[in-house]
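J.: For reference, the file work03.cif (mmCIF, C-alpha atoms and all ligand atoms) is included below:
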```cif
data_final
loop_
_atom_site.label_atom_id
_atom_site.label_comp_id
_atom_site.auth_asym_id
_atom_site.auth_seq_id
_atom_site.Cartn_x
_atom_site.Cartn_y
_atom_site.Cartn_z
CA MET A 17 0.00 0.00 0.00
CA ASN A 18 1.24 3.43 -0.89
CA ARG A 19 1.15 5.34 2.35
CA TYR A 20 0.55 8.63 0.54
CA GLN A 21 -2.75 7.34 -0.81
CA THR A 22 -4.24 7.48 2.65
CA VAL A 23 -4.92 10.86 4.18
CA ARG A 24 -4.57 10.79 7.93
CA PRO A 25 -7.46 12.25 9.93
CA GLU A 26 -5.24 15.09 11.21
CA GLN A 27 -4.37 16.06 7.64
CA LYS A 28 -7.85 15.78 6.26
CA TYR A 29 -9.60 18.90 5.07
CA THR A 30 -12.71 18.10 3.09
CA ALA A 31 -14.95 20.34 0.99
CA LYS A 32 -17.53 20.06 3.75
CA MET A 33 -15.06 21.26 6.37
CA PHE A 34 -14.11 24.15 4.13
CA ASP A 35 -17.74 25.17 3.60
CA ARG A 36 -18.36 25.03 7.32
CA GLN A 37 -15.28 27.05 8.26
CA PHE A 38 -15.48 29.58 5.44
CA PRO A 39 -19.09 29.96 4.33
CA THR A 40 -18.72 33.62 3.31
CA ASP A 41 -16.22 36.32 2.36
CA ASP A 42 -16.72 37.78 5.83
CA ALA A 43 -15.63 34.53 7.46
CA CYS A 44 -12.47 34.55 5.33
CA LEU A 45 -11.75 38.19 6.14
CA GLU A 46 -12.27 37.56 9.83
CA GLN A 47 -9.74 34.73 9.64
CA VAL A 48 -7.11 36.82 7.85
CA LYS A 49 -7.66 39.57 10.43
CA GLU A 50 -7.20 37.06 13.27
CA TRP A 51 -3.99 35.69 11.77
CA ARG A 52 -2.60 39.14 11.16
CA PHE A 53 -4.05 41.06 14.12
CA PRO A 54 -5.15 38.56 16.78
CA GLY A 55 -8.21 39.76 18.63
CA GLY A 56 -8.35 42.75 16.29
CA VAL A 57 -5.69 44.45 18.39
CA ALA A 58 -3.35 46.51 16.24
CA LEU A 59 -1.46 49.76 16.26
CA CYS A 60 -3.80 52.59 15.39
CA VAL A 61 -1.70 55.00 13.36
CA ASN A 62 -3.97 57.83 14.44
CA CYS A 63 -4.05 57.18 18.21
CA LYS A 64 -0.42 55.98 18.09
CA VAL A 65 -1.27 53.15 20.48
CA ARG A 66 -2.40 49.55 20.10
CA ARG A 67 -6.15 49.36 20.20
CA LYS A 68 -8.92 46.94 19.46
CA HIS A 69 -10.50 47.35 16.02
CA TYR A 70 -14.06 46.44 15.06
CA ARG A 71 -15.44 45.27 11.74
CA VAL A 72 -16.79 47.99 9.46
CA THR A 73 -19.97 46.68 7.87
CA GLY A 74 -19.86 46.49 4.10
CA ARG A 75 -16.15 47.20 3.81
CA MET A 76 -13.10 44.97 3.96
CA ALA A 77 -11.94 47.01 6.92
CA TYR A 78 -11.92 47.25 10.69
CA ALA A 79 -12.06 50.49 12.68
CA CYS A 80 -10.29 51.68 15.82
CA TYR A 81 -12.82 51.78 18.66
CA ALA A 82 -11.47 55.11 19.91
CA CYS A 83 -11.03 57.19 16.77
CA GLY A 84 -12.60 55.12 13.99
CA ASN A 85 -9.42 55.01 11.91
CA HIS A 86 -9.58 52.15 9.43
CA LEU A 87 -7.39 49.07 9.41
CA PHE A 88 -7.20 46.89 6.28
CA PRO A 89 -6.14 43.29 7.00
CA LEU A 90 -5.78 42.53 3.27
CA ALA A 91 -3.40 45.42 2.56
CA GLY A 92 -0.14 44.23 1.08
CA THR A 93 -1.23 40.58 0.94
CA ILE A 94 -1.81 38.51 -2.19
CA PHE A 95 -5.47 39.62 -1.91
CA HIS A 96 -4.53 43.30 -2.11
CA LYS A 97 -6.84 45.18 -4.51
CA SER A 98 -8.12 41.93 -5.99
CA THR A 99 -11.64 42.06 -7.39
CA THR A 100 -12.04 38.30 -6.94
CA SER A 101 -14.00 37.34 -3.85
CA LEU A 102 -11.97 36.34 -0.83
CA ARG A 103 -13.82 33.05 -0.57
CA THR A 104 -12.82 32.16 -4.15
CA TRP A 105 -9.22 32.92 -3.21
CA PHE A 106 -9.50 30.61 -0.22
CA TYR A 107 -11.04 27.97 -2.44
CA VAL A 108 -8.12 28.20 -4.88
CA ILE A 109 -5.73 27.85 -1.94
CA ARG A 110 -7.60 24.75 -0.86
CA LEU A 111 -7.38 23.23 -4.33
CA MET A 112 -3.66 23.98 -4.63
CA ALA A 113 -3.03 22.60 -1.15
CA SER A 114 -5.05 19.42 -1.55
CA THR A 115 -3.50 18.21 -4.80
CA ARG A 116 -0.41 16.07 -4.80
CA VAL A 117 0.67 16.13 -8.41
CA GLY A 118 -0.54 19.66 -9.07
CA ILE A 119 -3.58 21.38 -10.51
CA SER A 120 -3.87 23.32 -13.74
CA ALA A 121 -5.17 26.86 -14.20
CA LYS A 122 -7.74 25.33 -16.54
CA GLN A 123 -9.11 23.22 -13.72
CA ILE A 124 -9.15 26.20 -11.34
CA GLN A 125 -11.09 28.07 -14.01
CA ARG A 126 -13.63 25.26 -14.28
CA GLU A 127 -14.07 24.88 -10.53
CA THR A 128 -14.32 28.54 -9.60
CA GLY A 129 -15.80 30.23 -12.65
CA VAL A 130 -13.06 32.87 -12.88
CA THR A 131 -11.40 33.48 -16.27
CA TYR A 132 -8.34 31.49 -17.25
CA LYS A 133 -6.18 34.58 -16.96
CA THR A 134 -7.45 35.30 -13.45
CA ALA A 135 -6.97 31.67 -12.41
CA TRP A 136 -3.41 31.76 -13.70
CA ARG A 137 -2.65 35.01 -11.86
CA MET A 138 -4.19 33.76 -8.62
CA MET A 139 -2.11 30.61 -8.75
CA LYS A 140 0.99 32.66 -9.37
CA GLN A 141 0.21 34.74 -6.28
CA VAL A 142 -0.48 31.69 -4.12
CA ARG A 143 2.86 30.22 -5.22
CA THR A 144 4.65 33.26 -3.80
CA LEU A 145 3.50 32.02 -0.38
CA MET A 146 5.06 28.61 -0.97
CA GLU A 147 8.68 29.70 -0.99
CA ASP A 148 10.71 28.19 1.85
CA ARG A 149 14.13 28.90 3.32
CA ILE A 150 15.03 25.68 5.08
CA TYR A 151 18.10 23.82 6.25
CA LEU A 152 18.66 20.11 5.90
CA LYS A 153 20.24 17.41 8.02
CA GLY A 154 22.16 14.44 6.73
CA PRO A 155 22.24 11.95 5.30
CA VAL A 156 21.12 13.59 2.10
CA GLU A 157 20.97 12.80 -1.57
CA MET A 158 21.87 15.36 -4.19
CA ASP A 159 21.31 15.47 -7.88
CA GLU A 160 20.63 17.78 -10.76
CA ALA A 161 17.83 17.51 -13.27
CA GLU A 162 17.14 19.01 -16.65
CA PHE A 163 13.76 20.59 -17.23
CA GLY A 164 12.39 21.32 -20.66
CA GLY A 165 15.08 19.18 -22.21
CA SER A 166 13.04 17.34 -24.78
CA ASP A 167 12.13 19.25 -27.94
CA SER A 168 9.80 16.67 -29.37
CA ASN A 169 6.57 17.94 -27.79
CA LYS A 170 7.33 21.63 -28.02
CA PRO A 171 5.96 24.21 -30.37
CA GLU A 172 8.46 25.31 -33.01
CA HIS A 173 9.39 28.63 -31.37
CA LEU A 174 10.34 26.99 -28.07
CA ARG A 175 12.60 24.29 -29.44
CA GLY A 176 16.11 24.47 -28.16
CA LYS A 177 15.05 27.12 -25.64
CA ALA A 178 13.79 27.14 -22.10
CA LYS A 179 16.08 24.38 -20.95
CA ALA A 180 16.82 24.68 -17.27
CA THR A 181 19.02 22.89 -14.77
CA VAL A 182 17.63 22.33 -11.29
CA PHE A 183 19.85 21.30 -8.41
CA GLY A 184 18.24 19.37 -5.58
CA ILE A 185 19.23 18.16 -2.13
CA VAL A 186 16.89 15.91 -0.19
CA GLU A 187 16.93 14.31 3.24
CA ARG A 188 16.14 10.66 3.23
CA LYS A 189 12.54 10.47 4.49
CA GLY A 190 12.67 14.22 5.01
CA LYS A 191 12.68 17.58 3.29
CA VAL A 192 13.90 18.86 -0.04
CA VAL A 193 15.59 22.00 -1.34
CA ALA A 194 15.52 22.47 -5.12
CA ARG A 195 16.73 25.52 -6.99
CA ILE A 196 17.27 26.53 -10.58
CA VAL A 197 20.95 26.99 -11.31
CA PRO A 198 22.48 28.58 -14.40
CA ASP A 199 24.51 25.41 -14.91
CA ALA A 200 25.95 22.45 -12.99
CA THR A 201 29.29 24.11 -12.28
CA LYS A 202 30.80 24.48 -8.84
CA GLU A 203 30.09 28.22 -8.83
CA SER A 204 26.39 27.46 -9.06
CA ILE A 205 26.15 24.42 -6.81
CA LEU A 206 28.58 24.93 -3.96
CA PRO A 207 26.91 28.02 -2.47
CA ILE A 208 23.64 26.08 -2.16
CA VAL A 209 25.39 23.11 -0.54
CA GLY A 210 27.13 25.48 1.86
CA GLU A 211 23.90 27.25 2.68
CA VAL A 212 21.58 24.35 3.43
CA LEU A 213 23.85 21.60 4.81
CA PRO A 214 25.63 21.52 8.18
CA PRO A 215 29.25 20.33 8.50
CA LYS A 216 30.12 16.66 8.10
CA THR A 217 26.95 15.79 6.29
CA THR A 218 26.87 12.42 4.60
CA ILE A 219 26.02 12.89 0.96
CA TYR A 220 24.79 10.32 -1.50
CA SER A 221 24.87 11.00 -5.17
CA ASP A 222 25.24 9.23 -8.46
CA GLU A 223 28.55 9.43 -10.26
CA SER A 224 27.81 12.75 -11.92
CA ALA A 225 30.23 15.63 -11.68
CA THR A 226 28.24 17.10 -8.81
CA LEU A 227 29.77 14.96 -6.12
CA ALA A 228 33.28 15.56 -7.36
CA LEU A 229 32.62 19.26 -7.06
CA VAL A 230 31.43 18.90 -3.48
CA LYS A 231 34.58 16.97 -2.61
CA TRP A 232 36.56 19.68 -4.28
CA MET A 233 34.85 22.24 -2.08
CA GLY A 234 35.85 20.27 1.00
CA LYS A 235 39.46 20.68 0.07
CA SER A 236 39.49 24.16 -1.29
CA HIS A 237 37.06 26.21 0.76
CA LYS A 238 38.54 26.63 4.15
CA HIS A 239 35.25 27.53 5.86
CA LEU A 240 33.81 24.32 4.61
CA THR A 241 36.81 22.07 4.93
CA VAL A 242 35.11 19.52 7.14
CA ASN A 243 31.61 20.08 5.86
CA HIS A 244 31.27 17.29 3.43
CA SER A 245 34.25 15.16 4.13
CA GLU A 246 32.15 12.04 4.48
CA ALA A 247 30.94 11.89 0.95
CA TYR A 248 30.22 8.49 -0.46
CA VAL A 249 29.54 7.43 -3.97
CA ASN A 250 26.73 4.95 -4.18
CA GLY A 251 24.82 3.24 -6.90
CA ASN A 252 21.48 4.31 -8.31
CA ALA A 253 19.66 2.49 -5.55
CA HIS A 254 20.80 5.20 -3.16
CA THR A 255 19.35 8.19 -4.93
CA ASN A 256 15.79 6.94 -4.94
CA THR A 257 14.55 9.81 -2.81
CA ILE A 258 15.68 12.63 -5.09
CA ASP A 259 14.70 10.61 -8.17
CA GLY A 260 11.24 10.26 -6.69
CA PHE A 261 11.01 13.99 -6.13
CA TRP A 262 12.07 14.81 -9.70
CA SER A 263 9.53 12.46 -11.16
CA LEU A 264 6.80 13.98 -8.98
CA VAL A 265 7.63 17.49 -10.19
CA LYS A 266 8.09 16.45 -13.81
CA ARG A 267 4.83 14.59 -13.86
CA GLY A 268 3.09 17.65 -12.49
CA ILE A 269 4.51 20.38 -14.64
CA LYS A 270 4.70 18.45 -17.88
CA GLY A 271 2.66 20.34 -20.37
CA VAL A 272 2.41 23.57 -18.40
CA TYR A 273 6.08 24.40 -18.16
CA TYR A 274 6.53 24.95 -21.90
CA GLN A 275 3.79 27.51 -21.80
CA VAL A 276 4.92 29.41 -18.73
CA GLY A 277 8.62 29.49 -19.51
CA ALA A 278 11.77 29.27 -17.52
CA GLU A 279 11.11 32.43 -15.50
CA TYR A 280 8.29 30.69 -13.64
CA LEU A 281 9.91 27.29 -13.20
CA GLN A 282 11.30 28.12 -9.75
CA SER A 283 7.85 29.03 -8.44
CA TYR A 284 6.50 25.72 -9.73
CA ILE A 285 9.31 23.86 -8.02
CA ASN A 286 8.60 25.82 -4.84
CA GLU A 287 5.00 24.67 -5.04
CA TYR A 288 5.98 21.00 -5.23
CA SER A 289 8.64 21.40 -2.54
CA PHE A 290 6.16 23.11 -0.22
CA ARG A 291 3.77 20.18 -0.30
CA TYR A 292 6.54 17.57 -0.27
CA ASN A 293 8.15 19.16 2.80
CA ARG A 294 4.88 19.07 4.70
CA ARG A 295 3.57 15.68 3.69
CA LYS A 296 4.16 14.31 7.17
CA VAL A 297 2.96 17.33 9.13
CA MET A 298 -0.15 16.25 10.99
CA ARG A 299 -2.21 19.29 10.07
CA PRO A 300 -4.23 19.99 6.93
CA MET A 301 -2.08 21.30 4.07
CA PHE A 302 -4.74 23.95 3.49
CA SER A 303 -4.20 25.42 6.97
CA LEU A 304 -0.42 25.40 6.54
CA LEU A 305 -0.74 27.39 3.32
CA ALA A 306 -3.71 29.62 4.20
CA GLU A 307 -2.13 30.90 7.38
CA ARG A 308 0.69 32.33 5.26
CA THR A 309 -1.72 34.65 3.48
CA PRO A 310 -1.19 37.60 5.87
CA ARG A 311 2.34 37.80 4.50
CA GLN A 312 3.22 41.14 3.00
CA VAL A 313 3.96 40.43 -0.62
CA CYS A 314 3.06 43.84 -1.97
CA PRO A 315 3.05 46.61 0.64
CA SER A 316 0.27 49.08 -0.01
CA ALA A 317 1.06 52.68 -0.84
CA ARG A 318 -0.27 53.67 2.57
CA GLU A 319 2.01 51.26 4.39
CA GLN A 320 5.00 52.32 2.31
CA ARG A 321 4.33 55.89 3.37
CA LEU A 322 4.10 54.84 6.99
CA LEU A 323 7.36 52.95 6.71
CA GLY A 324 8.91 56.07 5.24
CA SER A 325 10.08 54.35 2.10
ZN ZN B 401 -7.44 55.10 16.85
#
```
Could you write out this file's structure as C-alpha cells?
Ligand SMILES: [Zn+2]
T.:
Amino acid sequence: MNRYQTVRPEQKYTAKMFDRQFPTDDACLEQVKEWRFPGGVALCVNCKVRRKHYRVTGRMAYACYACGNHLFPLAGTIFHKSTTSLRTWFYVIRLMASTRVGISAKQIQRETGVTYKTAWRMMKQVRTLMEDRIYLKGPVEMDEAEFGGSDSNKPEHLRGKAKATVFGIVERKGKVVARIVPDATKESILPIVGEVLPPKTTIYSDESATLALVKWMGKSHKHLTVNHSEAYVNGNAHTNTIDGFWSLVKRGIKGVYYQVGAEYLQSYINEYSFRYNRRKVMRPMFSLLAERTPRQVCPSAREQRLLGS
C-alpha cells in the first residue's frame, strides 16, 4: 500500500469542512484579520497606540474603537486590490493545497468560474507564499535535473530554448531543497550546498560531476573544509529519494512548463517542494498554506508611506 494514498485524519480537510469554516467572504476576512491582528488588536496610526478594532460593515476594513481610523487586513497581501471574492481565493488555496501532483489553471477556471487569466494570476500569487528557506540534516541525496530538455513535444518557437538545470538536495525520508541553477558548475552548486547543509553531512549521489565538485569544495574552501568530508559514492539504488522527487515534479509540470517558460519554473518547483516538505505534518495542508496569506507580498502605498520608504 502506498502510504501517501491514505490521508490521515489530522491532515484531512474536506470540501464540507471548508464550507463550514469559510461559508462567506466575511468569514475569510475575519480569519485573515485574526492571523494578522489577533483579537483585532493593532497599532492605530492615528491614536499611536495599540487598540482593538471592530469590523466595518460592508467594507473589507476594521475600525479603531477610539477614533474610527480604518485598518485593512488585506493590505499588502496577495489579496490586495483583488476584485475576486476572498472566498474564491480561499477555495483556490484549498485546491492547490489538496493536490499532490498539481492542478492546472484550466481546472481552477472550471471549478471557480473565474477566467483562465485570473486563475493563472491567482495561482501565481499563491505560489509566492510557498517559498521556503530551510536547512537540511544528513544523510542527504543530491542530484541535478534538466527541465524542458526534450524538444519533441514543443511548439516550433520553443525548441532548443527554455532548458533549465535544477539542483536538488533531499533528506532521506525528510525535506527537499531544489533551486534553478544557471549550470551544474561548482560556482552554481557549492553556495547552495554550503547554505543548506551543516558540517560533516553524509552525501549520497550518483557518479555525476556534482559529487566531485562537493569533494573539491571540501578541500578548497577553508570555511567548509570539514563540511562534506564524508561523501560516499553509491549506486542508483541510493538516490531513490531525489529521483522520486524529480519524477513527482516532472509529472506535475509536464505540459504547463513549456507555456509558462523558464522564468516561472522556480515558483512551480517551490509549489511542489512546499507540499513535499509538509507531507508528514499532521495538520491539513490547506491550513499550513492559508495561514501564510497575511504575508506582506506587496506593501500598499499607505504602508509604504508609513514605513517612510
Ligand atoms: Zn485610533
J.: What separation in Å, quoted to one decimal, exists between atom CA of Thr115 of chain A and atom CA of Arg188 of chain A?
T.: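 These two atoms are separated by 22.5 Å.
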J.: Compile a residue-level contact table for chain A against ligand ZN 401 (chain B) at a cut-off of 6 Å, reporting for every qualifying residue the shortest atom pair and its distance in Å to one decimal, with all atoms listed in the file counted, rows ordered by chain and ascending number, as JSON lines.
T.:
```
{"residue": "A:Cys60", "atom": "CA", "partner": "B:ZN401", "partner_atom": "ZN", "distance": 4.7}
{"residue": "A:Asn62", "atom": "CA", "partner": "B:ZN401", "partner_atom": "ZN", "distance": 5.0}
{"residue": "A:Cys63", "atom": "CA", "partner": "B:ZN401", "partner_atom": "ZN", "distance": 4.2}
{"residue": "A:Cys80", "atom": "CA", "partner": "B:ZN401", "partner_atom": "ZN", "distance": 4.6}
{"residue": "A:Ala82", "atom": "CA", "partner": "B:ZN401", "partner_atom": "ZN", "distance": 5.1}
{"residue": "A:Cys83", "atom": "CA", "partner": "B:ZN401", "partner_atom": "ZN", "distance": 4.2}
{"residue": "A:Gly84", "atom": "CA", "partner": "B:ZN401", "partner_atom": "ZN", "distance": 5.9}
{"residue": "A:Asn85", "atom": "CA", "partner": "B:ZN401", "partner_atom": "ZN", "distance": 5.3}
```
J.: When you draw a straight line from atom CA of Val23 of chain A to atom CA of Ala135 of chain A, how long is it in Å?
T.: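 Computing it gives 26.7 Å between the two atoms.
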J.: Calculated over all atoms listed in the file, which of the candidates A:Leu102, A:Leu59, A:Leu90, A:Val197 has the smallest distance to Ala43 of chain A?
T.: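 Looking only at the distances to Ala43 of chain A, the closest residue turns out to be A:Leu102.
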J.: State, in Å with one decimal place, the distance from atom CA of Val313 of chain A to atom CA of Leu145 of chain A.
T.: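 Value for the atom CA of Val313 of chain A-atom CA of Leu145 of chain A distance: 8.4 Å.
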J.: Which residue out of A:Ala79, A:Val48, A:Ala121, A:Ala31 has the minimum interatomic distance to Arg137 of chain A when all atoms listed in the file are used?
T.: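 Comparing A:Ala79, A:Val48, A:Ala121, A:Ala31 against Arg137 of chain A, the winner is A:Ala121.
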J.: Leaving out Ile109 of chain A and any residue of its chain fewer than 2 positions from it, which residues lie within 10 Å of it when counting all atoms listed in the file, given as a list in words?
T.: Arg103, Thr104, Trp105, Phe106, Tyr107, Leu111, Met112, Ala113, Ser114, Met138, Met139, Val142, Arg143, Met301, Phe302, Ser303, Leu305, Ala306 and Thr309 of chain A
J.: Can you tell me, as a CSV table (one decimal) with C-alpha atoms, in the coordinates of the input, what residues are no more than 10 Å from Asn256 of chain A when counting all atoms listed in the file, ignoring any on the same chain fewer than 6 positions away?
T.:
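That gives us out08.csv:
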```
chain,number,residue,atom,x,y,z
A,157,GLU,CA,21.0,12.8,-1.6
A,188,ARG,CA,16.1,10.7,3.2
A,221,SER,CA,24.9,11.0,-5.2
A,262,TRP,CA,12.1,14.8,-9.7
```
J.: Nearest residue to Leu304 of chain A out of A:Phe290, A:Asp199, A:Thr73, A:Phe88, using all atoms listed in the file?
T.: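 Selected residue with least distance to Leu304 of chain A: A:Phe290.
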J.: Name the closest residue to His86 of chain A among the candidates A:Ile119, A:Ser101, A:Ala58, A:Val265; distances are taken between atoms, counting all atoms listed in the file.
T.: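 Selected residue with least distance to His86 of chain A: A:Ala58.
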J.: Pick the closest to Val212 of chain A from A:Val108, A:Ile269, A:Cys314, A:Met158: which is it, counting all atoms listed in the file?
T.: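 Residue with the minimum atom-to-atom distance to Val212 of chain A: A:Met158.
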J.: Between A:Ile208, A:Arg294, A:Asp41, A:Thr99, single out the one closest to Thr134 of chain A, counting only C-alpha atoms.
T.: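 Comparing A:Ile208, A:Arg294, A:Asp41, A:Thr99 against Thr134 of chain A, the winner is A:Thr99.
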J.: Quick one: residues within 8 Å of Glu287 of chain A, all atoms listed in the file counted, chain neighbours fewer than 3 positions away excluded, as a PyMOL selection string?
T.: chain A and resi 143+146-147+283-284+290-291
J.: Could you add the missing atoms to segment 54-79 of chain A, up to N, CA and C atoms, and return them as a tab-separated table (two decimals), keeping the file's coordinate frame?
T.:
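Written out: part_23.tsv:
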```
chain	number	residue	atom	x	y	z
A	54	PRO	N	-4.34	39.39	15.87
A	54	PRO	CA	-5.15	38.56	16.78
A	54	PRO	C	-6.01	39.40	17.72
A	55	GLY	N	-7.28	39.03	17.78
A	55	GLY	CA	-8.21	39.76	18.63
A	55	GLY	C	-8.57	41.13	18.09
A	56	GLY	N	-8.08	41.44	16.87
A	56	GLY	CA	-8.35	42.75	16.29
A	56	GLY	C	-7.49	43.85	16.89
A	57	VAL	N	-6.54	43.46	17.75
A	57	VAL	CA	-5.69	44.45	18.39
A	57	VAL	C	-4.52	44.79	17.46
A	58	ALA	N	-4.41	46.06	17.14
A	58	ALA	CA	-3.35	46.51	16.24
A	58	ALA	C	-3.01	47.96	16.54
A	59	LEU	N	-1.86	48.37	16.07
A	59	LEU	CA	-1.46	49.76	16.26
A	59	LEU	C	-2.38	50.66	15.43
A	60	CYS	N	-3.02	51.59	16.11
A	60	CYS	CA	-3.80	52.59	15.39
A	60	CYS	C	-2.85	53.73	15.06
A	61	VAL	N	-2.69	53.99	13.76
A	61	VAL	CA	-1.70	55.00	13.36
A	61	VAL	C	-2.16	56.40	13.75
A	62	ASN	N	-3.44	56.53	14.04
A	62	ASN	CA	-3.97	57.83	14.44
A	62	ASN	C	-3.78	58.06	15.94
A	63	CYS	N	-4.19	57.08	16.75
A	63	CYS	CA	-4.05	57.18	18.21
A	63	CYS	C	-2.60	56.95	18.66
A	64	LYS	N	-1.82	56.32	17.78
A	64	LYS	CA	-0.42	55.98	18.09
A	64	LYS	C	-0.28	54.96	19.23
A	65	VAL	N	-1.35	54.25	19.51
A	65	VAL	CA	-1.27	53.15	20.48
A	65	VAL	C	-1.99	51.93	19.92
A	66	ARG	N	-1.72	50.77	20.52
A	66	ARG	CA	-2.40	49.55	20.10
A	66	ARG	C	-3.82	49.54	20.65
A	67	ARG	N	-4.76	49.36	19.78
A	67	ARG	CA	-6.15	49.36	20.20
A	67	ARG	C	-6.92	48.25	19.50
A	68	LYS	N	-8.05	47.91	20.09
A	68	LYS	CA	-8.92	46.94	19.46
A	68	LYS	C	-9.68	47.59	18.31
A	69	HIS	N	-9.78	46.86	17.18
A	69	HIS	CA	-10.50	47.35	16.02
A	69	HIS	C	-11.74	46.50	15.78
A	70	TYR	N	-12.80	47.13	15.32
A	70	TYR	CA	-14.06	46.44	15.06
A	70	TYR	C	-14.39	46.43	13.58
A	71	ARG	N	-15.08	45.42	13.14
A	71	ARG	CA	-15.44	45.27	11.74
A	71	ARG	C	-16.31	46.44	11.26
A	72	VAL	N	-15.98	46.97	10.09
A	72	VAL	CA	-16.79	47.99	9.46
A	72	VAL	C	-17.73	47.29	8.48
A	73	THR	N	-19.00	47.38	8.70
A	73	THR	CA	-19.97	46.68	7.87
A	73	THR	C	-19.87	47.14	6.41
A	74	GLY	N	-19.86	46.17	5.53
A	74	GLY	CA	-19.86	46.49	4.10
A	74	GLY	C	-18.52	46.87	3.52
A	75	ARG	N	-17.49	46.89	4.33
A	75	ARG	CA	-16.15	47.20	3.81
A	75	ARG	C	-15.17	46.14	4.28
A	76	MET	N	-14.11	45.96	3.55
A	76	MET	CA	-13.10	44.97	3.96
A	76	MET	C	-12.15	45.63	4.96
A	77	ALA	N	-12.74	46.22	5.98
A	77	ALA	CA	-11.94	47.01	6.92
A	77	ALA	C	-12.45	46.85	8.35
A	78	TYR	N	-11.58	47.19	9.27
A	78	TYR	CA	-11.92	47.25	10.69
A	78	TYR	C	-11.60	48.67	11.15
A	79	ALA	N	-12.26	49.10	12.23
A	79	ALA	CA	-12.06	50.49	12.68
A	79	ALA	C	-11.65	50.53	14.14
```
